[in-house]
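Just below is one structure, and these are the notes that go with it.
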Amino acid sequence: MEKSKNLGESMLGITDHAKKGELDQFCGSVKGFSGSVCALTEAAAQAAYLVGISDRASEPGKPGLVDQSQFARANQAIQMACQNLTDPASTQQQVLSAATVVAKHTSALCNVCRVASSKTSNPVAKRHFVQSAKDVANSTANLVKAIKALDSDFGDANRQKCAQAAKPLIDAVEELTTFASSPEFTSVPARISREARKAQEPILSSGKAMIDGACDMVKAAKQLAVSPNDPPTYLLYSNHSKSVSGAIKGLVAAMKESAPGQKECDDAIETMTSSIKDLDQASLAAISQSLAPRDHNTPQGFQEQMINSAKEILDRVEPVRAASKGEAEKLGHLVTSMAGYFEPLADGAVGAASKTINSKRQMAILDQTKTVAESALQFMYAAKEGGGNPKAGHTHGAIDEAADGMKEVVEDLLQTLEDAASSAGVVTNMVDSLSKSIARTDDRMALIANLSFVEYQTEMVRLAKHIARTAQDMVGKAVSNVSELGPLSNNLTHDYNDLSGNAQGAAIASSSPQVGQQIRKAVQELGNLCIDLVQDAGHLQANPTDTYSRKDLADHAKAISEKVSHVLAALQAGSRGTQACINAAHTVSGIIGDLDTTIMFATAGTLNPDGDSDNFADHRENILKTAKALVEDTKTLVAGAASDQEKLAMAAQSAVRTITRLADVVKFGAGSLGSSQPDAQVLLINAVKDVASALSELISCTKNASGKPVQDPTMAGLKDSAKVMVTNVTSLLKTVKTVEDEAARGTRALESTIEAISQELKAYNTTDKTDQKASAEDLIRHTRPITLATAKAVAAGNSCRQEDVIVAANTGRKAVFDLLGVCKAAAQNADTAEVKRRAIQSGRDCAHVYKELLDHVNTIIQKPTHENKQLLATYSKKVANSVTCIVQVAEVIKGTDWVDPDDPTVIAENELLGAANSIEAAAKKLAMLKPRRAAKEADENLNFEEQILEAAKSIAAATAALVKSASVAQKELLAQGKIGGAHLASAFEDEDGQWSQGLISAAKLVAAATHSLCEAANAMVQGQASEEKLISSAKQVASSTAQLLVACKVKADTDSVAMQRLQGAGNAVKRATEALVKAAQQAKDFADEEESLTINKRMVGGMAQIIMAQEEIIRKEKELDAARVRYAKIRKQKYQDKPVEETDALW
């Protein structure tokens, strides 16, 4: 577009400058015109090439690894230069010129070899290019020395030396040229199919027409510059300019029409739209209970079909993203490939839903699949807009957003399907996934920037240990709860998939190929055992009493633990020092957990000394001595980051031994203080816990900085961690010296807590990731300890007593630490990035303002003035506000599902939903019924039976919609505040409780009446009941529906949308009931009409017939009276035990 615009400006400039006689400007416009035409021609050629190779039958060209012609030119130039050097007739100037040529070309060859060695994946070729470059460089250096000697003395001896030095260079360049000319490095031209050449024709013809018109236009412009006022010349120029404009328009139209990938994107959009329509129709059928079961596959088969399709779609998201942003020639193929999996995905979803009885499960499958199709549709629109144009930067953001959204929904669908499959004991997909992961470990991958062997090693250690733990959990569940083996197998599969991916990176980043191969082999052997374990779990789920499967599972779990140790050994062989750091960090983590347990005992007042004569003075010296030894180990550990792996491993192991000994002596010292001083015990143990935490961070930083240069950012992190370590050890020493001083230990505890919160906030800000799991409810629950700690801090500030201060410090430390951990974990459940950011920020703000409160308390202890104490209220309000923000964010994370389980309206809604499910189940049963096969003479009655079944189905569907509409209406009333939230204890004593009970009773009546209706319809079409029973059941449905409408309309607005829908649903039930009664009545009347009666003509026989008829009338009348009495007793007994208010609520 830009070039077209420049071309138009140049054409206008040619005309204006020619008329004005401005020849210099005229020449500039002609030059700009020619440049624009050349640029458009080049663009047209590129567009034609992209259109050609985007065809399925075409093959794109591949550039060679090196420019072979460059090697040939350099070889020829160097040989000629060397001949000039050795020619006796060459002058000094010619010698210097030849030397310049040699230096220029040899330098270029060395650079090309360096680039080629970095591009090729062939290790032999890589080494050959490097060695050839070295040979050329060494030969050139020797030749340059000889040339310098020749330049100083143009004698025959020096010229002979030059000739001798030139020969190795010529040989090296010749050998390099021969190697670079091998077919392996030759470029491959594109192969364009016939169909693609036809697609290229419009672009090529428009481009040729543009060039021809541009040439004619330039010729006419030349004449116009000579005769600007000649009308025929101007007319000729105008005609040619129009032909150029028309050709450019045709070129643009042809490029748009033939743009690669556009047609494929349109086809994909149509396919996905069709899939969405199919899913919508299936959803409507599921809602109306008319989704027919699909018998061409099993439920497990449909699930596997969906899983396989979803995985293939997920695998193609990233390639389509890359193609739509800069690889137009691949866009069409990839889009077509992705779209091909949506039809089997939608078919599998509809099939799986049709085999599912639970309506909620049906709708979940269909809705989730529809979400995937809709996100893919948005992705296709974005990809079409991008078109593979790397210059269309304004579309790349939308492409990335659509791709990320699609990956997320496909991964959610896969997770749902895999969980369902694993719970059902289907392990086929997990075995396939494990097999692919095993095969993937042999694939070569490009090394990800900024990821070293240490990062891969750390993640692999974590995953391998997690796999071992999962395997042991499966052994336990095989005995106690077989149903949980499926989810555990699923977790094992995901962990191994991640492990194999990291194994690829670790093998490439390892120091030697042998180590990489060892890692691959260990991971593959572990994968084979994982397959065996998953299969054992599937067999055991299918047959929980199979002792052989249980034994096999235990054996394979044990073998997995052994193979995990082999993986760890392979990683240690790759980097012994960093592996020792990983093991040390794990050990220190266990020490920290042990110290947390000890703090719990101390807080409970059960941490007692070993003996009656034990006192803290006996342990003080050991604590100080061990702490100083830890400082020395810390220095050695920091130095080990820059030394070899052996020294690093020794330093890490020594530090772990020292911190273990320090933790033990501090625990003994805390116990010697006695259980009567729990706050002092907690203060001392917290101090050594801070040291252990700092050491864990230092070990992690040392591991990351191992082998890195001094300028690397990880070195700066190592220095900061070392400073924190020294600070915490110093704090421990101060605590040890003051813990027995009751006048100072409160202040020491406060200072220690302030420093610990500062360090925790730094760690909190480093990353948003966490392995901890927490819900929004957990987050709100952890705000209470902050509130209590704030109250204690304010009380300590007002009293300035050391006992209150130490309690406030210890309580506040734990409350803040717990809150930060839960806050980060709960943020992972946020639906959007903004909510996640708010959650993390709210936790950070709360910890920060609480730290400010403790700082102010510390100031009050130093200067207990009235003004300072008054400021405590201000700081406590800040903490309260931050806690409020946390609660608000937690509500956003939780969403709109907050309910009080004791609320009568909630109880009513649950009963309504239960009634709806009951009705849907009854409708399912009714949908499976078929009319009975009548005798030949009664074929005409079959039509009435089908009418009855259809009418009964309509009633079942209508009552289901009615109950759901009632649930929506109830939610609307709750949102409007027209019904209250009384608890269950008093739920049915107030007005709202009466309303709720009435709604519950009405819902139950609707469900029960619908069941009776289905049973009556079934019995009637099978010939086991009369039409009267069906009519009575239908009327009962209508009656209970009326009760439900009355109960829902007690407090509703007449113009409420929900109530209008409710009324519509009620009318539907009424119409369906009337249709059923009408159909049954027709069947009854038809049967009455067909009934024949033979009259006896004789007197005695006729009199007997009359007597028998009268007898039957009397008997029937008595039966009717008895039935009426029974009905009255039933109604009376039903309501005589209920209070009047409740009875009124029912009606």
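By convention in this document, the chains of the structure tokens carry letters A, B, ... by their order, each chain's residues are numbered from 1, and ligands are numbered from 1 in the order they are shown.
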Note to self: I'd like the neighbourhood of Thr186 (chain A) as a PyMOL selection string, where a residue qualifies if any of its atoms comes within 6 Å (using only C-alpha atoms), though same-chain residues fewer than 2 positions away should be ignored.
What the structure shows: chain A and resi 64+183-184
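A straight line drawn from CA of Lys167 (chain A) to CA of Asp151 (chain A) is 18.7 Å long.
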Margin query: Could you list, as a PyMOL selection string, every residue within 9 Å of region 346-349 of chain A, counting only C-alpha atoms and ignoring same-chain residues fewer than 4 positions away?
Written below: chain A and resi 275-276+278-279+301-306+309+341-342+353-354+362+365-366+369-370+373
Same residues, C-alpha atoms, saved as a CSV table (one decimal), in the first residue's frame:
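Saved result, part17.csv, follows:
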chain,number,residue,atom,x,y,z
A,275,SER,CA,-19.8,-27.6,14.5
A,276,ILE,CA,-21.1,-24.8,16.8
A,278,ASP,CA,-24.5,-29.0,15.7
A,279,LEU,CA,-23.5,-28.5,19.4
A,301,GLY,CA,-15.0,-44.6,22.5
A,302,PHE,CA,-16.6,-41.2,22.3
A,303,GLN,CA,-14.3,-40.0,25.1
A,304,GLU,CA,-11.2,-41.2,23.4
A,305,GLN,CA,-12.4,-39.6,20.2
A,306,MET,CA,-12.7,-36.3,21.9
A,309,SER,CA,-9.1,-34.6,18.6
A,341,TYR,CA,-10.4,-32.2,13.9
A,342,PHE,CA,-13.4,-30.1,14.9
A,353,ALA,CA,-23.6,-36.5,25.9
A,354,SER,CA,-26.2,-38.8,24.3
A,362,GLN,CA,-24.6,-33.6,29.3
A,365,ILE,CA,-19.7,-31.7,27.9
A,366,LEU,CA,-21.6,-29.8,25.2
A,369,THR,CA,-16.8,-28.3,23.6
A,370,LYS,CA,-18.8,-25.3,22.2
A,373,ALA,CA,-15.2,-24.2,19.0
Checklist line | Spatial neighbours of region 189-197 of chain A, 6 Å, only C-alpha atoms, chain gap at least 5 places, as a list in words | finding: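 Counting only C-alpha atoms, the residues come to Gly52, Asp55, Ala57, Ser58, Glu59, Pro60 and Gly61 of chain A.
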Note to self: Please list as a list of chain:residue names every residue within 8 Å of Met210 (chain A), counting only C-alpha atoms and excluding residues in the same chain fewer than 3 positions away.
What the structure shows: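 Result of the neighbour search: A:Val37, A:Ser206, A:Gly207, A:Gly213, A:Ala214, A:Ser243, A:Val244, A:Ser245, A:Ala247, A:Ile248.
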Check: Can you tell me, as number ranges by chain, what residues are no more than 6 Å from region 739-753 of chain A when counting only C-alpha atoms, ignoring any on the same chain fewer than 4 positions away?
Finding: A: 735, 802, 805-806, 809, 813
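For the pair CA of Gln1133 (chain A) and CA of Leu1120 (chain A), the separation is 19.9 Å.
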Next item on the list: Please indicate the distance in Å from CA of Ala584 (chain A) to CA of Ile659 (chain A), rounded to one decimal place.
Entry: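 CA of Ala584 (chain A) sits 10.4 Å away from CA of Ile659 (chain A).
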Item checked: Spatial neighbours of region 693-702 of chain A, max dist 10 Å, only C-alpha atoms, sep filter under 6 positions, as a VMD selection string -> chain A and resid 458 577 to 578 580 to 589 591 to 592 630 634 637 to 642 648 651 to 652 655 to 656 659 714 to 729 759 to 760 763
Write out, as a CSV table (one decimal), in the first residue's frame, the residues just selected, with N, CA and C atoms.
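Below you can see out_23.csv, which holds the result:
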chain,number,residue,atom,x,y,z
A,458,THR,N,17.0,-28.9,38.3
A,458,THR,CA,16.1,-28.6,39.4
A,458,THR,C,14.7,-29.0,39.2
A,577,GLY,N,28.0,-30.8,41.8
A,577,GLY,CA,27.8,-29.7,42.8
A,577,GLY,C,26.4,-29.2,42.9
A,578,THR,N,25.8,-28.9,41.7
A,578,THR,CA,24.4,-28.4,41.8
A,578,THR,C,23.5,-29.4,42.3
A,580,ALA,N,24.2,-31.6,44.6
A,580,ALA,CA,24.4,-31.6,46.0
A,580,ALA,C,23.6,-30.4,46.6
A,581,CYS,N,23.6,-29.2,45.9
A,581,CYS,CA,22.8,-28.1,46.3
A,581,CYS,C,21.3,-28.4,46.4
A,582,ILE,N,20.8,-29.1,45.4
A,582,ILE,CA,19.4,-29.4,45.3
A,582,ILE,C,19.1,-30.3,46.5
A,583,ASN,N,19.9,-31.3,46.8
A,583,ASN,CA,19.7,-32.2,47.9
A,583,ASN,C,19.8,-31.5,49.2
A,584,ALA,N,20.7,-30.5,49.3
A,584,ALA,CA,20.9,-29.7,50.5
A,584,ALA,C,19.7,-28.9,50.8
A,585,ALA,N,19.2,-28.3,49.7
A,585,ALA,CA,18.0,-27.4,49.9
A,585,ALA,C,16.8,-28.3,50.4
A,586,HIS,N,16.7,-29.5,49.9
A,586,HIS,CA,15.6,-30.4,50.3
A,586,HIS,C,15.8,-30.7,51.8
A,587,THR,N,17.0,-31.0,52.2
A,587,THR,CA,17.3,-31.3,53.6
A,587,THR,C,16.9,-30.1,54.5
A,588,VAL,N,17.4,-28.9,54.1
A,588,VAL,CA,17.1,-27.7,54.9
A,588,VAL,C,15.6,-27.4,55.0
A,589,SER,N,14.9,-27.7,53.9
A,589,SER,CA,13.4,-27.6,53.9
A,589,SER,C,12.8,-28.5,55.0
A,591,ILE,N,14.4,-29.4,57.7
A,591,ILE,CA,14.7,-28.8,59.0
A,591,ILE,C,13.8,-27.7,59.4
A,592,ILE,N,13.4,-26.9,58.4
A,592,ILE,CA,12.5,-25.8,58.6
A,592,ILE,C,11.1,-26.3,59.1
A,630,LEU,N,28.8,-21.9,61.0
A,630,LEU,CA,27.9,-21.8,59.8
A,630,LEU,C,28.3,-20.6,59.0
A,634,THR,N,29.2,-20.7,55.1
A,634,THR,CA,28.6,-19.8,54.1
A,634,THR,C,29.6,-19.2,53.2
A,637,LEU,N,30.6,-21.8,50.8
A,637,LEU,CA,29.6,-22.1,49.8
A,637,LEU,C,29.5,-21.0,48.7
A,638,VAL,N,29.6,-19.7,49.1
A,638,VAL,CA,29.6,-18.6,48.1
A,638,VAL,C,30.8,-18.8,47.2
A,639,ALA,N,31.9,-19.1,47.7
A,639,ALA,CA,33.1,-19.2,46.9
A,639,ALA,C,33.0,-20.4,46.0
A,640,GLY,N,32.2,-21.4,46.4
A,640,GLY,CA,32.1,-22.6,45.6
A,640,GLY,C,31.3,-22.4,44.3
A,641,ALA,N,30.6,-21.3,44.2
A,641,ALA,CA,29.8,-21.0,43.0
A,641,ALA,C,30.8,-20.7,41.9
A,642,ALA,N,32.0,-20.2,42.2
A,642,ALA,CA,32.9,-19.9,41.1
A,642,ALA,C,34.0,-21.0,40.9
A,648,LEU,N,32.0,-27.3,45.2
A,648,LEU,CA,30.7,-26.9,45.5
A,648,LEU,C,29.9,-27.9,46.3
A,651,ALA,N,31.1,-28.0,49.9
A,651,ALA,CA,30.6,-26.9,50.6
A,651,ALA,C,29.1,-27.0,51.0
A,652,ALA,N,28.3,-27.5,50.1
A,652,ALA,CA,26.9,-27.6,50.3
A,652,ALA,C,26.6,-28.7,51.4
A,655,ALA,N,27.6,-27.3,54.8
A,655,ALA,CA,26.6,-26.3,55.3
A,655,ALA,C,25.4,-27.0,55.9
A,656,VAL,N,25.0,-28.1,55.2
A,656,VAL,CA,23.8,-28.8,55.7
A,656,VAL,C,24.1,-29.5,57.1
A,659,ILE,N,24.0,-26.6,59.7
A,659,ILE,CA,22.7,-26.1,60.1
A,659,ILE,C,21.9,-27.1,60.8
A,714,THR,N,22.8,-13.5,38.2
A,714,THR,CA,22.6,-14.4,39.3
A,714,THR,C,23.7,-14.2,40.4
A,715,MET,N,24.9,-13.7,40.0
A,715,MET,CA,25.9,-13.4,40.9
A,715,MET,C,25.5,-12.3,41.9
A,716,ALA,N,24.7,-11.3,41.4
A,716,ALA,CA,24.2,-10.2,42.2
A,716,ALA,C,23.2,-10.8,43.2
A,717,GLY,N,22.4,-11.7,42.8
A,717,GLY,CA,21.4,-12.4,43.7
A,717,GLY,C,22.1,-13.2,44.8
A,718,LEU,N,23.3,-13.8,44.4
A,718,LEU,CA,24.1,-14.6,45.3
A,718,LEU,C,24.6,-13.7,46.4
A,719,LYS,N,25.1,-12.5,46.0
A,719,LYS,CA,25.7,-11.6,47.0
A,719,LYS,C,24.6,-11.1,48.0
A,720,ASP,N,23.4,-10.8,47.5
A,720,ASP,CA,22.3,-10.4,48.3
A,720,ASP,C,21.9,-11.4,49.3
A,721,SER,N,21.8,-12.7,48.8
A,721,SER,CA,21.5,-13.8,49.7
A,721,SER,C,22.5,-14.0,50.8
A,722,ALA,N,23.8,-13.8,50.5
A,722,ALA,CA,24.9,-13.9,51.5
A,722,ALA,C,24.7,-12.9,52.5
A,723,LYS,N,24.4,-11.7,52.1
A,723,LYS,CA,24.1,-10.6,53.1
A,723,LYS,C,23.0,-10.9,54.0
A,724,VAL,N,21.9,-11.4,53.5
A,724,VAL,CA,20.7,-11.8,54.3
A,724,VAL,C,21.1,-12.9,55.3
A,725,MET,N,21.9,-13.8,54.8
A,725,MET,CA,22.4,-14.9,55.7
A,725,MET,C,23.2,-14.4,56.9
A,726,VAL,N,24.1,-13.5,56.6
A,726,VAL,CA,24.9,-12.9,57.7
A,726,VAL,C,24.0,-12.1,58.6
A,727,THR,N,23.1,-11.4,58.1
A,727,THR,CA,22.1,-10.6,58.9
A,727,THR,C,21.4,-11.5,59.9
A,728,ASN,N,20.9,-12.6,59.3
A,728,ASN,CA,20.1,-13.5,60.2
A,728,ASN,C,20.9,-14.2,61.2
A,729,VAL,N,22.2,-14.6,60.9
A,729,VAL,CA,23.0,-15.2,61.9
A,729,VAL,C,23.3,-14.2,63.0
A,759,GLN,N,12.2,-9.5,54.8
A,759,GLN,CA,12.8,-10.6,53.9
A,759,GLN,C,11.7,-11.4,53.3
A,760,GLU,N,10.6,-11.7,54.0
A,760,GLU,CA,9.5,-12.4,53.4
A,760,GLU,C,8.8,-11.7,52.3
A,763,ALA,N,11.0,-12.0,49.2
A,763,ALA,CA,10.8,-13.3,48.5
A,763,ALA,C,9.4,-13.3,47.9
Checklist line | Selected residue of minimal separation from Leu820 (chain A) among A:Lys762, A:Asn122, A:Asn858, A:Ser283, counting only C-alpha atoms | finding: A:Lys762
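Shortest atom-to-atom contact with Asp419 (chain A) among A:Ala328, A:Ala157, A:Leu485, A:Val889: A:Leu485, counting only C-alpha atoms.
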